[in-house]
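coords06.cif (mmCIF, C-alpha atoms)
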```
data_entry
loop_
_atom_site.group_PDB
_atom_site.id
_atom_site.type_symbol
_atom_site.label_atom_id
_atom_site.label_comp_id
_atom_site.auth_asym_id
_atom_site.auth_seq_id
_atom_site.Cartn_x
_atom_site.Cartn_y
_atom_site.Cartn_z
ATOM 1 C CA GLU Y 649 86.708 128.325 65.898
ATOM 2 C CA PRO Y 650 89.110 130.236 68.166
ATOM 3 C CA GLU Y 651 90.135 128.411 71.318
ATOM 4 C CA VAL Y 652 91.664 129.111 74.679
ATOM 5 C CA THR Y 653 94.912 127.175 74.856
ATOM 6 C CA GLN Y 654 96.700 126.119 78.023
ATOM 7 C CA THR Y 655 100.187 124.782 78.548
ATOM 8 C CA PRO Y 656 101.388 122.449 79.831
ATOM 9 C CA SER Y 657 98.583 119.908 79.917
ATOM 10 C CA HIS Y 658 100.152 118.244 82.950
ATOM 11 C CA GLN Y 659 102.688 119.631 85.409
ATOM 12 C CA VAL Y 660 104.284 117.771 88.263
ATOM 13 C CA THR Y 661 106.123 119.772 90.903
ATOM 14 C CA GLN Y 662 107.504 119.297 94.376
ATOM 15 C CA MET Y 663 105.971 120.949 97.396
ATOM 16 C CA GLY Y 664 107.423 124.398 97.976
ATOM 17 C CA GLN Y 665 108.369 124.956 94.354
ATOM 18 C CA GLU Y 666 107.071 127.797 92.218
ATOM 19 C CA VAL Y 667 104.933 126.917 89.232
ATOM 20 C CA ILE Y 668 103.624 129.017 86.349
ATOM 21 C CA LEU Y 669 100.611 127.916 84.368
ATOM 22 C CA ARG Y 670 100.216 129.493 80.980
ATOM 23 C CA CYS Y 671 97.186 130.402 78.944
ATOM 24 C CA VAL Y 672 96.568 132.052 75.607
ATOM 25 C CA PRO Y 673 93.035 133.477 75.653
ATOM 26 C CA ILE Y 674 90.999 134.067 72.521
ATOM 27 C CA SER Y 675 92.574 137.029 70.804
ATOM 28 C CA ASN Y 676 89.834 139.675 70.935
ATOM 29 C CA HIS Y 677 88.617 138.785 74.421
ATOM 30 C CA LEU Y 678 88.849 141.294 77.223
ATOM 31 C CA TYR Y 679 88.127 139.360 80.423
ATOM 32 C CA PHE Y 680 90.293 136.555 81.728
ATOM 33 C CA TYR Y 681 89.760 134.021 84.469
ATOM 34 C CA TRP Y 682 91.338 131.177 86.348
ATOM 35 C CA TYR Y 683 89.267 128.403 87.856
ATOM 36 C CA ARG Y 684 90.358 125.202 89.488
ATOM 37 C CA GLN Y 685 88.827 121.786 90.025
ATOM 38 C CA ILE Y 686 90.174 119.540 92.738
ATOM 39 C CA LEU Y 687 89.653 115.908 91.811
ATOM 40 C CA GLY Y 688 86.061 114.912 92.444
ATOM 41 C CA GLN Y 689 84.975 118.385 93.459
ATOM 42 C CA LYS Y 690 83.258 121.293 91.797
ATOM 43 C CA VAL Y 691 84.874 123.870 89.556
ATOM 44 C CA GLU Y 692 85.829 126.867 91.723
ATOM 45 C CA PHE Y 693 86.455 130.465 90.758
ATOM 46 C CA LEU Y 694 89.910 131.777 91.587
ATOM 47 C CA VAL Y 695 90.341 135.157 89.944
ATOM 48 C CA SER Y 696 89.147 137.427 87.170
ATOM 49 C CA PHE Y 697 91.291 139.947 85.327
ATOM 50 C CA TYR Y 698 90.364 142.932 83.210
ATOM 51 C CA ASN Y 699 92.208 145.974 81.942
ATOM 52 C CA ASN Y 700 95.485 144.712 83.360
ATOM 53 C CA GLU Y 701 94.290 144.308 86.888
ATOM 54 C CA ILE Y 702 92.459 141.844 89.077
ATOM 55 C CA SER Y 703 88.706 142.468 89.048
ATOM 56 C CA GLU Y 704 87.717 139.934 91.647
ATOM 57 C CA LYS Y 705 89.324 137.088 93.550
ATOM 58 C CA SER Y 706 88.104 134.334 95.801
ATOM 59 C CA GLU Y 707 89.358 133.496 99.273
ATOM 60 C CA ILE Y 708 91.310 130.650 97.693
ATOM 61 C CA PHE Y 709 93.419 133.204 95.821
ATOM 62 C CA ASP Y 710 95.752 134.138 98.649
ATOM 63 C CA ASP Y 711 99.196 135.718 98.602
ATOM 64 C CA GLN Y 712 100.691 132.543 97.147
ATOM 65 C CA PHE Y 713 98.848 133.172 93.899
ATOM 66 C CA SER Y 714 99.396 135.868 91.315
ATOM 67 C CA VAL Y 715 98.288 136.510 87.759
ATOM 68 C CA GLU Y 716 99.906 138.418 84.985
ATOM 69 C CA ARG Y 717 99.341 139.349 81.392
ATOM 70 C CA PRO Y 718 102.965 139.855 80.383
ATOM 71 C CA ASP Y 719 102.259 140.614 76.745
ATOM 72 C CA GLY Y 720 99.301 140.951 74.420
ATOM 73 C CA SER Y 721 98.551 137.269 74.235
ATOM 74 C CA ASN Y 722 99.529 135.332 77.358
ATOM 75 C CA PHE Y 723 97.785 135.139 80.725
ATOM 76 C CA THR Y 724 99.631 133.346 83.495
ATOM 77 C CA LEU Y 725 98.860 131.993 86.935
ATOM 78 C CA LYS Y 726 101.793 131.707 89.320
ATOM 79 C CA ILE Y 727 101.781 129.732 92.534
ATOM 80 C CA ARG Y 728 104.745 130.895 94.571
ATOM 81 C CA SER Y 729 105.260 127.965 96.927
ATOM 82 C CA THR Y 730 103.077 125.018 96.047
ATOM 83 C CA LYS Y 731 101.307 122.928 98.663
ATOM 84 C CA LEU Y 732 99.920 119.429 98.350
ATOM 85 C CA GLU Y 733 96.402 120.836 98.392
ATOM 86 C CA ASP Y 734 97.142 122.897 95.281
ATOM 87 C CA SER Y 735 96.945 119.690 93.267
ATOM 88 C CA ALA Y 736 94.035 120.240 90.904
ATOM 89 C CA MET Y 737 93.026 120.877 87.329
ATOM 90 C CA TYR Y 738 93.419 124.570 86.569
ATOM 91 C CA PHE Y 739 91.236 126.068 83.871
ATOM 92 C CA CYS Y 740 91.820 129.330 82.108
ATOM 93 C CA ALA Y 741 88.833 131.088 80.540
ATOM 94 C CA SER Y 742 88.220 134.236 78.570
ATOM 95 C CA ARG Y 743 85.218 136.293 77.592
ATOM 96 C CA ALA Y 744 84.541 138.901 74.969
ATOM 97 C CA GLY Y 745 82.750 142.187 75.245
ATOM 98 C CA THR Y 746 82.113 144.891 77.755
ATOM 99 C CA GLY Y 747 78.758 143.633 79.000
ATOM 100 C CA SER Y 748 78.116 140.569 81.086
ATOM 101 C CA VAL Y 749 76.167 138.599 78.498
ATOM 102 C CA SER Y 750 78.996 136.867 76.667
ATOM 103 C CA PRO Y 751 79.799 133.375 77.919
ATOM 104 C CA LEU Y 752 83.121 132.139 79.216
ATOM 105 C CA HIS Y 753 85.239 130.020 76.906
ATOM 106 C CA PHE Y 754 87.425 127.532 78.743
ATOM 107 C CA GLY Y 755 90.717 125.909 77.868
ATOM 108 C CA ASN Y 756 91.365 122.189 78.293
ATOM 109 C CA GLY Y 757 93.092 122.759 81.604
ATOM 110 C CA THR Y 758 96.452 122.070 83.195
ATOM 111 C CA ARG Y 759 96.559 119.225 85.650
ATOM 112 C CA LEU Y 760 98.890 120.234 88.462
ATOM 113 C CA THR Y 761 100.237 117.488 90.686
ATOM 114 C CA VAL Y 762 102.170 118.547 93.770
ATOM 115 C CA THR Y 763 104.242 115.790 95.366
ATOM 116 C CA ALA G 465 75.507 134.647 97.483
ATOM 117 C CA GLN G 466 74.764 132.656 94.368
ATOM 118 C CA SER G 467 74.760 128.865 94.451
ATOM 119 C CA VAL G 468 73.918 125.947 92.210
ATOM 120 C CA THR G 469 72.631 122.518 93.187
ATOM 121 C CA GLN G 470 72.795 119.492 90.956
ATOM 122 C CA PRO G 471 71.044 116.810 92.983
ATOM 123 C CA ASP G 472 72.078 113.867 90.811
ATOM 124 C CA ILE G 473 75.730 112.917 91.129
ATOM 125 C CA HIS G 474 75.539 110.058 88.654
ATOM 126 C CA ILE G 475 72.915 109.089 86.064
ATOM 127 C CA THR G 476 72.867 106.083 83.758
ATOM 128 C CA VAL G 477 70.638 105.965 80.698
ATOM 129 C CA SER G 478 70.375 103.662 77.722
ATOM 130 C CA GLU G 479 71.345 104.930 74.322
ATOM 131 C CA GLY G 480 68.271 106.323 72.589
ATOM 132 C CA ALA G 481 66.496 107.089 75.842
ATOM 133 C CA SER G 482 65.562 110.585 76.884
ATOM 134 C CA LEU G 483 67.591 112.513 79.427
ATOM 135 C CA GLU G 484 66.891 115.197 81.986
ATOM 136 C CA LEU G 485 69.603 116.583 84.265
ATOM 137 C CA ARG G 486 68.408 118.716 87.132
ATOM 138 C CA CYS G 487 69.777 122.063 88.190
ATOM 139 C CA ASN G 488 68.500 124.424 90.846
ATOM 140 C CA TYR G 489 70.021 127.784 91.519
ATOM 141 C CA SER G 490 69.909 130.374 94.224
ATOM 142 C CA TYR G 491 70.369 133.988 93.284
ATOM 143 C CA GLY G 492 68.756 137.211 94.376
ATOM 144 C CA ALA G 493 68.093 138.651 90.934
ATOM 145 C CA THR G 494 67.736 137.452 87.374
ATOM 146 C CA PRO G 495 70.591 135.053 86.763
ATOM 147 C CA TYR G 496 72.592 134.134 83.748
ATOM 148 C CA LEU G 497 72.480 130.335 83.494
ATOM 149 C CA PHE G 498 74.756 127.971 81.650
ATOM 150 C CA TRP G 499 75.305 124.302 81.025
ATOM 151 C CA TYR G 500 78.810 123.082 80.311
ATOM 152 C CA VAL G 501 79.979 119.591 79.403
ATOM 153 C CA GLN G 502 83.337 118.092 80.284
ATOM 154 C CA SER G 503 84.553 114.962 78.553
ATOM 155 C CA PRO G 504 87.344 113.002 80.270
ATOM 156 C CA GLY G 505 90.614 114.917 80.139
ATOM 157 C CA GLN G 506 89.000 117.812 78.351
ATOM 158 C CA GLY G 507 88.018 121.336 79.214
ATOM 159 C CA LEU G 508 84.559 122.761 79.724
ATOM 160 C CA GLN G 509 82.521 123.171 76.569
ATOM 161 C CA LEU G 510 79.513 125.462 76.578
ATOM 162 C CA LEU G 511 76.304 123.601 75.685
ATOM 163 C CA LEU G 512 73.833 126.441 76.057
ATOM 164 C CA LYS G 513 73.064 129.602 77.937
ATOM 165 C CA TYR G 514 70.087 131.581 79.154
ATOM 166 C CA PHE G 515 70.189 135.326 79.536
ATOM 167 C CA SER G 516 66.643 136.526 78.931
ATOM 168 C CA GLY G 517 63.649 136.069 76.649
ATOM 169 C CA ASP G 518 62.369 132.657 75.633
ATOM 170 C CA THR G 519 62.690 130.344 78.610
ATOM 171 C CA LEU G 520 63.367 127.303 76.436
ATOM 172 C CA VAL G 521 66.865 127.542 74.995
ATOM 173 C CA GLN G 522 68.441 125.347 72.399
ATOM 174 C CA GLY G 523 72.072 124.362 72.516
ATOM 175 C CA ILE G 524 74.592 122.309 70.656
ATOM 176 C CA LYS G 525 74.496 118.524 70.225
ATOM 177 C CA GLY G 526 70.689 118.445 70.420
ATOM 178 C CA PHE G 527 70.463 119.660 74.021
ATOM 179 C CA GLU G 528 67.897 122.100 75.354
ATOM 180 C CA ALA G 529 67.168 123.604 78.740
ATOM 181 C CA GLU G 530 64.178 125.321 80.262
ATOM 182 C CA PHE G 531 64.384 128.194 82.717
ATOM 183 C CA LYS G 532 61.626 128.061 85.314
ATOM 184 C CA ARG G 533 61.796 131.077 87.580
ATOM 185 C CA SER G 534 59.082 129.812 89.923
ATOM 186 C CA GLN G 535 61.087 126.662 90.598
ATOM 187 C CA SER G 536 64.542 128.269 90.395
ATOM 188 C CA SER G 537 65.446 125.539 87.966
ATOM 189 C CA PHE G 538 67.293 125.200 84.698
ATOM 190 C CA ASN G 539 67.072 121.535 83.750
ATOM 191 C CA LEU G 540 68.937 120.148 80.782
ATOM 192 C CA ARG G 541 67.164 117.769 78.413
ATOM 193 C CA LYS G 542 67.848 115.686 75.377
ATOM 194 C CA PRO G 543 65.193 113.558 73.667
ATOM 195 C CA SER G 544 67.525 110.776 72.539
ATOM 196 C CA VAL G 545 70.918 110.204 74.108
ATOM 197 C CA HIS G 546 73.922 109.016 72.110
ATOM 198 C CA TRP G 547 76.806 107.022 73.555
ATOM 199 C CA SER G 548 79.091 109.994 72.850
ATOM 200 C CA ASP G 549 77.088 112.081 75.328
ATOM 201 C CA ALA G 550 78.723 110.252 78.229
ATOM 202 C CA ALA G 551 80.515 112.995 80.147
ATOM 203 C CA GLU G 552 80.263 115.252 83.183
ATOM 204 C CA TYR G 553 77.688 118.016 82.978
ATOM 205 C CA PHE G 554 77.932 121.226 84.963
ATOM 206 C CA CYS G 555 75.273 123.809 85.551
ATOM 207 C CA ALA G 556 76.535 127.300 86.334
ATOM 208 C CA VAL G 557 75.053 130.635 87.325
ATOM 209 C CA GLY G 558 76.514 134.048 86.666
ATOM 210 C CA ALA G 559 75.592 137.365 88.189
ATOM 211 C CA VAL G 560 73.642 139.710 85.965
ATOM 212 C CA ASN G 561 73.995 143.017 87.690
ATOM 213 C CA THR G 562 77.604 143.007 88.619
ATOM 214 C CA GLY G 563 79.824 145.603 87.067
ATOM 215 C CA THR G 564 82.723 143.243 87.020
ATOM 216 C CA ALA G 565 83.514 140.185 85.091
ATOM 217 C CA SER G 566 80.525 137.890 85.602
ATOM 218 C CA LYS G 567 82.126 135.251 87.745
ATOM 219 C CA LEU G 568 80.466 131.858 87.360
ATOM 220 C CA THR G 569 79.446 129.609 90.215
ATOM 221 C CA PHE G 570 79.322 125.946 89.269
ATOM 222 C CA GLY G 571 77.344 123.027 90.579
ATOM 223 C CA THR G 572 79.063 119.840 91.627
ATOM 224 C CA GLY G 573 78.305 118.188 88.304
ATOM 225 C CA THR G 574 76.356 115.154 87.119
ATOM 226 C CA ARG G 575 78.235 112.291 85.580
ATOM 227 C CA LEU G 576 76.276 110.750 82.724
ATOM 228 C CA GLN G 577 76.874 107.156 81.756
ATOM 229 C CA VAL G 578 75.285 105.790 78.588
ATOM 230 C CA THR G 579 74.730 102.079 78.173
ATOM 231 C CA LEU G 580 74.416 100.457 74.778
#
```
Whole structure given in structure tokens:
Amino acid sequence: EPEVTQTPSHQVTQMGQEVILRCVPISNHLYFYWYRQILGQKVEFLVSFYNNEISEKSEIFDDQFSVERPDGSNFTLKIRSTKLEDSAMYFCASRAGTGSVSPLHFGNGTRLTVT
Amino acid sequence: AQSVTQPDIHITVSEGASLELRCNYSYGATPYLFWYVQSPGQGLQLLLKYFSGDTLVQGIKGFEAEFKRSQSSFNLRKPSVHWSDAAEYFCAVGAVNTGTASKLTFGTGTRLQVTL
């Protein structure tokens, strides 16, 4: 069964550094998402992306964050200048179809640790 | 705004016992409802979903959930739990009538422990 793949599985970075989290969504999917889960807390929506632009973003997704689909397969989340509070598990997800009935398929996540 | 409440943070059941995980949602229209499971170090795997129609939905791994509009609930059940079911379970609600990308709102999760 096709999967959403995320790399790396664990990234450690120093505060103030830029980090790029990478995702390969399922190949025929059209909608792409980033969520994050701070340790012990709920999974939170960050951003959705469709037709090469952001569809919706949460208040968490400030100017430090950006997303890009640089080619036909990758979907990246960039954090420009990481803060300690950015430490979390980041999940990429994708969804097929043009309606809203298809479920999200999640990757295994990238654990980001900011020191 | 949509929201999800999972009142039980942690549940322990014996292997072979039945299980019910509670989920209540708040949403102004007909919601899309989901249950996801997260094993340690893993991503979120979809167990089942409700969009419309029959209010009792069957999922993978022997799980089922029942949508009760009058109670704004979508509780997850399994008649006989296996030790491998130990994981974190998340209920989520998605907007039906949005023209965008059906953002999901998650509950805080219920951690299931299974004793032998």
Per-axis box centre and lengths in Å around region 537-554 of chain G, 6 Å margin per side, axis-aligned, as lines of an AutoDock Vina configuration file:
```
center_x = 72.9
center_y = 116.3
center_z = 80.0
size_x = 27.3
size_y = 30.5
size_z = 27.9
```
Practice item. Between G:Val578, G:Ala465, G:Val545, G:Leu568, single out the one closest to Tyr491 (chain G), counting only C-alpha atoms. Key: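 Between G:Val578, G:Ala465, G:Val545, G:Leu568, the residue approaching Tyr491 (chain G) most closely is G:Ala465.
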**Study point:** Interface residues on chain G facing chain Y, 6 Å, all atoms listed in the file, written as a list of chain:residue names
**Key:**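 Residues of chain G within 6 Å of chain Y, counting all atoms listed in the file: G:Gln506, G:Gly507, G:Leu508, G:Ser566, G:Phe570, G:Thr572.
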So which residues touch region 658-667 of chain Y within 7 Å, counting all atoms listed in the file, skipping near sequence neighbours fewer than 6 positions away, as a JSON list (two decimals) with C-alpha atoms, in the frame of the given file?
```
[["chain", "number", "residue", "atom", "x", "y", "z"],
["Y", 726, "LYS", "CA", 101.79, 131.71, 89.32],
["Y", 727, "ILE", "CA", 101.78, 129.73, 92.53],
["Y", 728, "ARG", "CA", 104.74, 130.90, 94.57],
["Y", 729, "SER", "CA", 105.26, 127.96, 96.93],
["Y", 730, "THR", "CA", 103.08, 125.02, 96.05],
["Y", 731, "LYS", "CA", 101.31, 122.93, 98.66],
["Y", 732, "LEU", "CA", 99.92, 119.43, 98.35],
["Y", 758, "THR", "CA", 96.45, 122.07, 83.20],
["Y", 759, "ARG", "CA", 96.56, 119.22, 85.65],
["Y", 760, "LEU", "CA", 98.89, 120.23, 88.46],
["Y", 761, "THR", "CA", 100.24, 117.49, 90.69],
["Y", 762, "VAL", "CA", 102.17, 118.55, 93.77],
["Y", 763, "THR", "CA", 104.24, 115.79, 95.37]]
```
For the PyMOL selection byres ((chain G and resi 516) around 9), applied here, can you spell out every residue it catches as a PDB file with C-alpha atoms, in the frame of the given file?
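Resulting contents of result_34.pdb:
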```
ATOM      1  CA  THR G 494      67.736 137.452  87.374  1.00  0.00           C
ATOM      2  CA  PRO G 495      70.591 135.053  86.763  1.00  0.00           C
ATOM      3  CA  TYR G 496      72.592 134.134  83.748  1.00  0.00           C
ATOM      4  CA  TYR G 514      70.087 131.581  79.154  1.00  0.00           C
ATOM      5  CA  PHE G 515      70.189 135.326  79.536  1.00  0.00           C
ATOM      6  CA  GLY G 517      63.649 136.069  76.649  1.00  0.00           C
ATOM      7  CA  ASP G 518      62.369 132.657  75.633  1.00  0.00           C
ATOM      8  CA  THR G 519      62.690 130.344  78.610  1.00  0.00           C
TER       9      THR G 519
END
```
Practice item. Tell me, as number ranges by chain, which residues lie within 10 Å of Thr724 (chain Y), counting only C-alpha atoms; anything in the same chain fewer than 4 positions away does not count. Key: Y: 654-655, 668-672, 681-682, 714-718, 740
**Study point:** One-decimal distance in Å that lies between CA of Leu687 (chain Y) and CA of Arg575 (chain G)
**Key:**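 Separation between CA of Arg575 (chain G) and CA of Leu687 (chain Y): 13.5 Å.
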Check your understanding: Distance CA of Leu483 (chain G)-CA of Ser548 (chain G), one decimal place?
Key ->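 Calculated distance between CA of Leu483 (chain G) and CA of Ser548 (chain G) is 13.5 Å.
Between CA of Phe723 (chain Y) and CA of Ile708 (chain Y) there is a distance of 18.7 Å.
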Close residues, Leu576 (chain G) itself excluded, 8 Å, only C-alpha atoms, min 6 positions apart in chain, as a PDB file with C-alpha atoms, keeping the file's coordinate frame:
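So the final result, stored in part.pdb, reads:
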```pdb
ATOM      1  CA  HIS G 474      75.539 110.058  88.654  1.00  0.00           C
ATOM      2  CA  ILE G 475      72.915 109.089  86.064  1.00  0.00           C
ATOM      3  CA  THR G 476      72.867 106.083  83.758  1.00  0.00           C
ATOM      4  CA  VAL G 477      70.638 105.965  80.698  1.00  0.00           C
ATOM      5  CA  ASP G 549      77.088 112.081  75.328  1.00  0.00           C
ATOM      6  CA  ALA G 550      78.723 110.252  78.229  1.00  0.00           C
ATOM      7  CA  ALA G 551      80.515 112.995  80.147  1.00  0.00           C
ATOM      8  CA  GLU G 552      80.263 115.252  83.183  1.00  0.00           C
ATOM      9  CA  TYR G 553      77.688 118.016  82.978  1.00  0.00           C
TER      10      TYR G 553
END
```
